[in-house]
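Below is the file final-v5.cif, which contains mmCIF, N, CA and C atoms and all ligand atoms.
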```
data_start
#
loop_
_atom_site.label_atom_id
_atom_site.label_comp_id
_atom_site.auth_asym_id
_atom_site.auth_seq_id
_atom_site.Cartn_x
_atom_site.Cartn_y
_atom_site.Cartn_z
N THR A 1 84.32 120.06 120.45
CA THR A 1 83.96 119.63 119.08
C THR A 1 83.72 118.13 119.02
N GLU A 2 82.98 117.76 117.99
CA GLU A 2 82.61 116.35 117.82
C GLU A 2 83.80 115.52 117.35
N ARG A 3 83.83 114.28 117.84
CA ARG A 3 84.88 113.34 117.44
C ARG A 3 84.27 112.02 117.01
N THR A 4 84.96 111.32 116.10
CA THR A 4 84.50 109.98 115.72
C THR A 4 85.67 109.01 115.67
N PHE A 5 85.33 107.73 115.83
CA PHE A 5 86.34 106.66 115.75
C PHE A 5 86.24 105.99 114.39
N ILE A 6 87.34 106.00 113.65
CA ILE A 6 87.41 105.37 112.33
C ILE A 6 88.54 104.35 112.37
N ALA A 7 88.28 103.12 111.94
CA ALA A 7 89.33 102.10 111.94
C ALA A 7 89.44 101.48 110.55
N ILE A 8 90.66 101.45 110.03
CA ILE A 8 90.91 100.73 108.79
C ILE A 8 91.12 99.27 109.18
N LYS A 9 90.24 98.41 108.66
CA LYS A 9 90.21 97.00 109.06
C LYS A 9 91.39 96.24 108.44
N PRO A 10 91.64 94.99 108.89
CA PRO A 10 92.83 94.26 108.42
C PRO A 10 92.95 94.17 106.90
N ASP A 11 91.85 94.00 106.18
CA ASP A 11 91.95 93.92 104.71
C ASP A 11 92.39 95.25 104.12
N GLY A 12 91.94 96.36 104.69
CA GLY A 12 92.33 97.68 104.20
C GLY A 12 93.81 97.95 104.43
N VAL A 13 94.30 97.57 105.61
CA VAL A 13 95.73 97.74 105.92
C VAL A 13 96.55 96.87 104.97
N GLN A 14 96.14 95.60 104.84
CA GLN A 14 96.90 94.64 104.04
C GLN A 14 96.94 95.04 102.56
N ARG A 15 95.86 95.66 102.08
CA ARG A 15 95.78 96.05 100.68
C ARG A 15 96.47 97.38 100.38
N GLY A 16 97.04 98.02 101.42
CA GLY A 16 97.76 99.27 101.18
C GLY A 16 96.85 100.47 101.00
N LEU A 17 95.70 100.46 101.71
CA LEU A 17 94.73 101.55 101.53
C LEU A 17 94.80 102.62 102.62
N ILE A 18 95.80 102.52 103.52
CA ILE A 18 95.89 103.51 104.60
C ILE A 18 96.03 104.93 104.01
N GLY A 19 96.96 105.11 103.11
CA GLY A 19 97.22 106.44 102.55
C GLY A 19 95.99 107.05 101.90
N PRO A 20 95.40 106.35 100.91
CA PRO A 20 94.20 106.90 100.25
C PRO A 20 93.05 107.20 101.21
N ILE A 21 92.89 106.36 102.24
CA ILE A 21 91.77 106.58 103.16
C ILE A 21 92.02 107.79 104.05
N LEU A 22 93.23 107.89 104.63
CA LEU A 22 93.53 109.06 105.47
C LEU A 22 93.40 110.35 104.65
N THR A 23 93.84 110.28 103.39
CA THR A 23 93.76 111.45 102.51
C THR A 23 92.32 111.96 102.38
N ARG A 24 91.37 111.05 102.27
CA ARG A 24 89.97 111.49 102.11
C ARG A 24 89.48 112.29 103.30
N PHE A 25 89.84 111.84 104.51
CA PHE A 25 89.40 112.58 105.70
C PHE A 25 90.16 113.90 105.82
N GLU A 26 91.44 113.89 105.48
CA GLU A 26 92.22 115.13 105.53
C GLU A 26 91.70 116.14 104.51
N GLN A 27 91.43 115.65 103.30
CA GLN A 27 90.96 116.54 102.24
C GLN A 27 89.62 117.18 102.59
N ARG A 28 88.79 116.41 103.29
CA ARG A 28 87.48 116.96 103.65
C ARG A 28 87.61 118.06 104.70
N GLY A 29 88.75 118.08 105.39
CA GLY A 29 89.02 119.14 106.35
C GLY A 29 88.96 118.71 107.80
N PHE A 30 88.83 117.38 108.03
CA PHE A 30 88.79 116.92 109.42
C PHE A 30 90.19 116.86 110.01
N LYS A 31 90.22 116.98 111.35
CA LYS A 31 91.50 117.03 112.06
C LYS A 31 91.77 115.67 112.70
N LEU A 32 92.95 115.13 112.42
CA LEU A 32 93.38 113.87 113.01
C LEU A 32 93.82 114.12 114.45
N VAL A 33 93.19 113.43 115.42
CA VAL A 33 93.58 113.65 116.81
C VAL A 33 94.18 112.41 117.48
N ALA A 34 94.12 111.25 116.81
CA ALA A 34 94.79 110.06 117.34
C ALA A 34 94.94 109.05 116.21
N LEU A 35 96.04 108.27 116.26
CA LEU A 35 96.29 107.27 115.24
C LEU A 35 97.24 106.21 115.78
N LYS A 36 96.86 104.93 115.65
CA LYS A 36 97.83 103.87 115.95
C LYS A 36 97.50 102.60 115.18
N LEU A 37 98.59 101.91 114.81
CA LEU A 37 98.47 100.60 114.18
C LEU A 37 98.49 99.58 115.31
N THR A 38 97.45 98.78 115.40
CA THR A 38 97.34 97.87 116.53
C THR A 38 96.66 96.57 116.13
N TRP A 39 97.14 95.47 116.67
CA TRP A 39 96.51 94.18 116.44
C TRP A 39 95.54 93.95 117.58
N ALA A 40 94.26 94.01 117.31
CA ALA A 40 93.25 93.94 118.37
C ALA A 40 93.23 92.55 119.00
N ASN A 41 92.74 92.46 120.23
CA ASN A 41 92.53 91.15 120.85
C ASN A 41 91.03 90.88 120.95
N GLU A 42 90.70 89.62 121.23
CA GLU A 42 89.29 89.22 121.22
C GLU A 42 88.45 89.99 122.23
N GLY A 43 89.01 90.25 123.41
CA GLY A 43 88.27 90.98 124.44
C GLY A 43 87.85 92.36 123.98
N LEU A 44 88.79 93.07 123.36
CA LEU A 44 88.49 94.41 122.85
C LEU A 44 87.40 94.34 121.78
N LEU A 45 87.52 93.37 120.87
CA LEU A 45 86.56 93.27 119.77
C LEU A 45 85.16 92.88 120.27
N ARG A 46 85.11 92.04 121.30
CA ARG A 46 83.80 91.69 121.87
C ARG A 46 83.12 92.91 122.48
N GLN A 47 83.92 93.79 123.09
CA GLN A 47 83.35 95.03 123.62
C GLN A 47 82.95 95.97 122.49
N HIS A 48 83.84 96.07 121.50
CA HIS A 48 83.58 96.97 120.37
C HIS A 48 82.30 96.59 119.64
N TYR A 49 82.11 95.28 119.43
CA TYR A 49 80.92 94.79 118.70
C TYR A 49 79.88 94.19 119.65
N GLU A 50 79.80 94.78 120.85
CA GLU A 50 78.87 94.33 121.90
C GLU A 50 77.47 93.98 121.39
N ASP A 51 76.89 94.88 120.58
CA ASP A 51 75.50 94.69 120.13
C ASP A 51 75.37 93.73 118.94
N LEU A 52 76.48 93.16 118.47
CA LEU A 52 76.40 92.23 117.34
C LEU A 52 76.71 90.79 117.75
N GLN A 53 76.97 90.57 119.06
CA GLN A 53 77.42 89.25 119.54
C GLN A 53 76.49 88.10 119.19
N GLU A 54 75.19 88.39 119.08
CA GLU A 54 74.20 87.33 118.79
C GLU A 54 73.98 87.11 117.30
N LYS A 55 74.59 87.93 116.46
CA LYS A 55 74.37 87.80 115.01
C LYS A 55 75.05 86.55 114.47
N PRO A 56 74.44 85.91 113.46
CA PRO A 56 75.04 84.70 112.89
C PRO A 56 76.42 84.94 112.29
N PHE A 57 76.68 86.16 111.82
CA PHE A 57 77.97 86.44 111.19
C PHE A 57 79.04 86.84 112.21
N PHE A 58 78.69 86.89 113.52
CA PHE A 58 79.65 87.39 114.51
C PHE A 58 80.96 86.60 114.55
N PRO A 59 80.95 85.24 114.54
CA PRO A 59 82.23 84.51 114.56
C PRO A 59 83.13 84.86 113.38
N SER A 60 82.56 85.00 112.18
CA SER A 60 83.40 85.34 111.04
C SER A 60 83.86 86.80 111.13
N LEU A 61 83.02 87.67 111.66
CA LEU A 61 83.43 89.07 111.88
C LEU A 61 84.63 89.12 112.84
N LEU A 62 84.56 88.32 113.90
CA LEU A 62 85.63 88.27 114.89
C LEU A 62 86.94 87.77 114.26
N SER A 63 86.88 86.67 113.51
CA SER A 63 88.14 86.15 112.95
C SER A 63 88.70 87.09 111.87
N TYR A 64 87.80 87.75 111.14
CA TYR A 64 88.25 88.77 110.16
C TYR A 64 88.99 89.90 110.87
N MET A 65 88.42 90.40 111.95
CA MET A 65 89.03 91.54 112.65
C MET A 65 90.30 91.15 113.40
N LEU A 66 90.48 89.84 113.64
CA LEU A 66 91.70 89.35 114.31
C LEU A 66 92.77 88.92 113.31
N SER A 67 92.49 89.04 112.01
CA SER A 67 93.37 88.46 110.99
C SER A 67 94.61 89.31 110.70
N GLY A 68 94.69 90.51 111.26
CA GLY A 68 95.85 91.36 111.03
C GLY A 68 95.68 92.67 111.77
N PRO A 69 96.69 93.53 111.70
CA PRO A 69 96.59 94.81 112.39
C PRO A 69 95.51 95.72 111.81
N VAL A 70 95.03 96.59 112.67
CA VAL A 70 93.99 97.57 112.33
C VAL A 70 94.61 98.96 112.52
N LEU A 71 94.27 99.91 111.67
CA LEU A 71 94.70 101.29 111.92
C LEU A 71 93.55 102.04 112.61
N ALA A 72 93.74 102.27 113.91
CA ALA A 72 92.72 102.95 114.71
C ALA A 72 92.97 104.45 114.66
N THR A 73 91.93 105.22 114.36
CA THR A 73 92.09 106.68 114.27
C THR A 73 90.91 107.40 114.92
N VAL A 74 91.16 108.63 115.34
CA VAL A 74 90.10 109.51 115.82
C VAL A 74 90.19 110.83 115.05
N TRP A 75 89.03 111.28 114.57
CA TRP A 75 88.94 112.52 113.79
C TRP A 75 87.99 113.48 114.48
N GLU A 76 88.27 114.76 114.31
CA GLU A 76 87.49 115.80 114.96
C GLU A 76 87.01 116.81 113.92
N GLY A 77 85.80 117.33 114.12
CA GLY A 77 85.29 118.39 113.24
C GLY A 77 83.77 118.43 113.24
N LYS A 78 83.24 119.39 112.51
CA LYS A 78 81.79 119.61 112.47
C LYS A 78 81.07 118.39 111.89
N ASP A 79 80.12 117.88 112.67
CA ASP A 79 79.29 116.74 112.24
C ASP A 79 80.13 115.55 111.77
N VAL A 80 81.31 115.35 112.37
CA VAL A 80 82.24 114.34 111.84
C VAL A 80 81.68 112.91 111.93
N VAL A 81 80.79 112.64 112.88
CA VAL A 81 80.24 111.28 112.97
C VAL A 81 79.42 110.97 111.72
N LYS A 82 78.46 111.83 111.43
CA LYS A 82 77.61 111.60 110.24
C LYS A 82 78.41 111.74 108.94
N GLN A 83 79.27 112.74 108.87
CA GLN A 83 80.08 112.93 107.67
C GLN A 83 81.01 111.73 107.44
N GLY A 84 81.52 111.18 108.55
CA GLY A 84 82.38 110.00 108.43
C GLY A 84 81.62 108.84 107.80
N ARG A 85 80.38 108.63 108.24
CA ARG A 85 79.56 107.54 107.66
C ARG A 85 79.31 107.79 106.17
N VAL A 86 79.16 109.07 105.79
CA VAL A 86 78.96 109.39 104.37
C VAL A 86 80.23 109.06 103.58
N ILE A 87 81.38 109.43 104.12
CA ILE A 87 82.66 109.16 103.44
C ILE A 87 82.89 107.65 103.31
N LEU A 88 82.47 106.87 104.33
CA LEU A 88 82.62 105.41 104.28
C LEU A 88 81.74 104.76 103.22
N GLY A 89 80.50 105.22 103.11
CA GLY A 89 79.52 104.56 102.24
C GLY A 89 78.77 103.47 102.98
N ALA A 90 77.73 102.96 102.35
CA ALA A 90 76.84 101.99 102.99
C ALA A 90 77.53 100.66 103.26
N THR A 91 77.01 99.93 104.28
CA THR A 91 77.54 98.62 104.62
C THR A 91 77.32 97.61 103.50
N ASN A 92 76.12 97.64 102.95
CA ASN A 92 75.78 96.74 101.85
C ASN A 92 76.44 97.22 100.56
N PRO A 93 77.29 96.41 99.96
CA PRO A 93 78.04 96.85 98.77
C PRO A 93 77.13 97.29 97.62
N LEU A 94 75.93 96.74 97.56
CA LEU A 94 75.01 97.16 96.49
C LEU A 94 74.50 98.58 96.70
N ALA A 95 74.65 99.09 97.92
CA ALA A 95 74.16 100.43 98.23
C ALA A 95 75.28 101.44 98.43
N SER A 96 76.54 101.00 98.38
CA SER A 96 77.63 101.94 98.61
C SER A 96 78.03 102.59 97.29
N ALA A 97 77.83 103.90 97.22
CA ALA A 97 78.02 104.64 95.97
C ALA A 97 79.50 104.78 95.63
N PRO A 98 79.82 104.77 94.31
CA PRO A 98 81.16 105.15 93.88
C PRO A 98 81.49 106.54 94.43
N GLY A 99 82.74 106.74 94.82
CA GLY A 99 83.11 108.00 95.47
C GLY A 99 83.20 107.85 96.98
N THR A 100 82.53 106.83 97.52
CA THR A 100 82.71 106.51 98.94
C THR A 100 83.83 105.47 99.07
N ILE A 101 84.37 105.31 100.28
CA ILE A 101 85.47 104.36 100.47
C ILE A 101 85.01 102.94 100.14
N ARG A 102 83.88 102.53 100.72
CA ARG A 102 83.42 101.17 100.41
C ARG A 102 82.98 101.04 98.95
N GLY A 103 82.38 102.10 98.41
CA GLY A 103 81.95 102.08 97.01
C GLY A 103 83.11 102.01 96.04
N ASP A 104 84.26 102.48 96.46
CA ASP A 104 85.43 102.45 95.58
C ASP A 104 86.33 101.24 95.83
N PHE A 105 86.29 100.67 97.05
CA PHE A 105 87.31 99.67 97.41
C PHE A 105 86.76 98.32 97.86
N ALA A 106 85.45 98.14 97.98
CA ALA A 106 84.95 96.88 98.54
C ALA A 106 83.74 96.34 97.78
N ILE A 107 83.68 95.01 97.67
CA ILE A 107 82.50 94.37 97.07
C ILE A 107 81.85 93.39 98.02
N ASP A 108 82.43 93.21 99.21
CA ASP A 108 81.98 92.16 100.12
C ASP A 108 81.59 92.78 101.47
N MET A 109 80.35 92.54 101.90
CA MET A 109 79.85 93.07 103.18
C MET A 109 80.72 92.62 104.35
N GLY A 110 81.27 91.42 104.25
CA GLY A 110 82.08 90.86 105.34
C GLY A 110 83.53 91.33 105.33
N ARG A 111 83.98 91.92 104.24
CA ARG A 111 85.35 92.46 104.18
C ARG A 111 85.25 93.84 103.58
N ASN A 112 84.87 94.78 104.44
CA ASN A 112 84.49 96.09 103.90
C ASN A 112 85.43 97.23 104.29
N VAL A 113 86.70 96.87 104.56
CA VAL A 113 87.81 97.83 104.59
C VAL A 113 87.86 98.78 105.79
N ILE A 114 86.69 99.22 106.27
CA ILE A 114 86.72 100.33 107.24
C ILE A 114 85.53 100.30 108.18
N HIS A 115 85.75 100.82 109.38
CA HIS A 115 84.70 100.99 110.38
C HIS A 115 84.55 102.46 110.72
N GLY A 116 83.31 102.90 110.95
CA GLY A 116 83.07 104.25 111.45
C GLY A 116 81.96 104.25 112.48
N SER A 117 82.13 104.99 113.57
CA SER A 117 81.10 105.07 114.62
C SER A 117 79.76 105.52 114.04
N ASP A 118 78.67 104.96 114.61
CA ASP A 118 77.35 105.28 114.05
C ASP A 118 76.57 106.35 114.81
N SER A 119 77.10 106.84 115.93
CA SER A 119 76.46 107.96 116.64
C SER A 119 77.52 108.62 117.53
N VAL A 120 77.19 109.79 118.05
CA VAL A 120 78.13 110.50 118.92
C VAL A 120 78.39 109.68 120.19
N GLU A 121 77.35 109.06 120.73
CA GLU A 121 77.49 108.25 121.94
C GLU A 121 78.40 107.04 121.67
N THR A 122 78.14 106.35 120.56
CA THR A 122 78.98 105.21 120.18
C THR A 122 80.42 105.66 119.98
N ALA A 123 80.59 106.81 119.34
CA ALA A 123 81.95 107.32 119.07
C ALA A 123 82.71 107.49 120.38
N ASN A 124 82.08 108.12 121.37
CA ASN A 124 82.78 108.34 122.64
C ASN A 124 83.10 107.02 123.32
N ARG A 125 82.20 106.06 123.24
CA ARG A 125 82.44 104.75 123.83
C ARG A 125 83.62 104.05 123.13
N GLU A 126 83.61 104.08 121.79
CA GLU A 126 84.66 103.41 121.01
C GLU A 126 86.02 104.08 121.19
N ILE A 127 86.04 105.40 121.24
CA ILE A 127 87.31 106.11 121.45
C ILE A 127 87.91 105.69 122.79
N GLY A 128 87.05 105.56 123.81
CA GLY A 128 87.51 105.13 125.13
C GLY A 128 88.00 103.70 125.16
N LEU A 129 87.44 102.85 124.30
CA LEU A 129 87.88 101.46 124.23
C LEU A 129 89.25 101.32 123.57
N TRP A 130 89.46 102.06 122.51
CA TRP A 130 90.66 101.88 121.67
C TRP A 130 91.83 102.76 122.07
N PHE A 131 91.55 103.88 122.77
CA PHE A 131 92.62 104.82 123.09
C PHE A 131 92.60 105.21 124.57
N LYS A 132 93.81 105.46 125.09
CA LYS A 132 93.93 106.10 126.39
C LYS A 132 93.80 107.60 126.17
N ASN A 133 93.37 108.29 127.20
CA ASN A 133 93.19 109.74 127.10
C ASN A 133 94.42 110.47 126.59
N GLU A 134 95.61 110.04 127.08
CA GLU A 134 96.84 110.74 126.71
C GLU A 134 97.29 110.47 125.27
N GLU A 135 96.61 109.52 124.59
CA GLU A 135 96.93 109.27 123.18
C GLU A 135 96.17 110.21 122.24
N LEU A 136 95.22 110.97 122.79
CA LEU A 136 94.45 111.92 121.98
C LEU A 136 95.13 113.27 122.04
N VAL A 137 95.42 113.84 120.86
CA VAL A 137 96.12 115.13 120.81
C VAL A 137 95.17 116.29 121.17
P1 LIG B 201 80.98 99.37 110.87
O1 LIG B 201 80.42 99.24 112.27
O2 LIG B 201 82.11 98.40 110.59
O3 LIG B 201 81.29 100.77 110.47
P2 LIG B 201 78.32 99.26 109.91
O4 LIG B 201 77.99 100.14 111.08
O5 LIG B 201 78.01 99.77 108.54
O6 LIG B 201 79.84 98.89 109.88
P3 LIG B 201 77.32 97.08 111.47
O7 LIG B 201 75.91 96.66 111.41
O8 LIG B 201 77.80 97.85 112.65
O9 LIG B 201 77.65 97.85 110.11
O10 LIG B 201 78.21 95.76 111.29
C1 LIG B 201 79.55 95.78 111.67
C2 LIG B 201 80.35 94.97 110.67
O11 LIG B 201 79.92 93.62 110.69
C3 LIG B 201 80.19 95.41 109.22
O12 LIG B 201 81.02 96.48 108.86
C4 LIG B 201 80.59 94.14 108.49
O13 LIG B 201 82.02 93.99 108.47
C5 LIG B 201 80.02 93.07 109.38
N1 LIG B 201 78.68 92.71 108.92
C6 LIG B 201 77.53 93.39 109.13
N2 LIG B 201 76.48 92.75 108.58
C7 LIG B 201 76.99 91.62 108.02
C8 LIG B 201 76.43 90.54 107.31
N3 LIG B 201 75.11 90.49 107.05
N4 LIG B 201 77.26 89.58 106.87
C9 LIG B 201 78.58 89.62 107.13
N5 LIG B 201 79.18 90.62 107.81
C10 LIG B 201 78.40 91.60 108.24
MG MG B 202 78.55 99.71 113.07
#
```
Please go through the file and, once you have read it, give me the structure as structure tokens.
Amino acid sequence: TERTFIAIKPDGVQRGLIGPILTRFEQRGFKLVALKLTWANEGLLRQHYEDLQEKPFFPSLLSYMLSGPVLATVWEGKDVVKQGRVILGATNPLASAPGTIRGDFAIDMGRNVIHGSDSVETANREIGLWFKNEELV
């Protein structure tokens, strides 16, 4: 079955949004297969955001992601990669609909509460970066 990597970013953890966010994925029927609270290091984040390293916002993205612990999770289920992106809502706050996580909890593109893999290939790469095999149930 398909799996995706979802991470609650430091602002989401700090604001107490872990419970409401996990609830949305559970309610939709997805299965939690891994979860850990972890403070990422720069090396991991550079690998995670490999394709964004040249972007002008990359330094601020890096310091944002290093500003506190992240809740790293893996979810399993039918079309979970695409469905996860739907549950998250659009990156641009002007396009993230109410009812989505970003649409309900974020107004700033640079502090947008949550990350979700954008393809099955990316998901497998990210799961391998953030988790050891034995941490997946
Ligand atoms: P994520 O990968 O976090 O799920 P995404 O796939 O919607 O988000 P990406 O293009 O992968 O968006 O960008 C990764 C993250 O970089 C965004 O979630 C956001 O925190 C930050 N980011 C993206 N674009 C900008 C921007 N123009 N200005 C500031 N931060 C940005
Ligand atoms: Mg992305």
Exercise for review: Tell me which protein, DNA and RNA residues are within 5 Å of Gly68 in chain A, counting only N, CA and C atoms, leaving out same-chain ones fewer than 3 positions away, and put them as an MDAnalysis selection string.
Suggested key: chainID A and resid 10 39 65
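Across the structure, CA of Arg24 in chain A and atom N of His48 in chain A are spaced 25.5 Å apart.
Excluding Lys36 in chain A and any residue on its chain fewer than 5 positions from it, the residues at most 12 Å away by only C-alpha atoms are Phe5, Ile6, Ala7, Ile8, Val13, Ile18, Pro69, Val70, Leu71, Ala72, Thr73, Val74, Trp130, Phe131, Lys132, Glu135 and Leu136 of chain A.
Counting only N, CA and C atoms and all ligand atoms and comparing A:Asn124, A:Asn133, A:Ser119, A:Ser96, the residue that lies closest to ligand MG 202 (chain B) is A:Ser119.
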Exercise for review: Can you work out the spacing between atom N of Gly84 in chain A and atom C of Lys55 in chain A in Å, to one decimal?
Suggested key: 26.1 Å
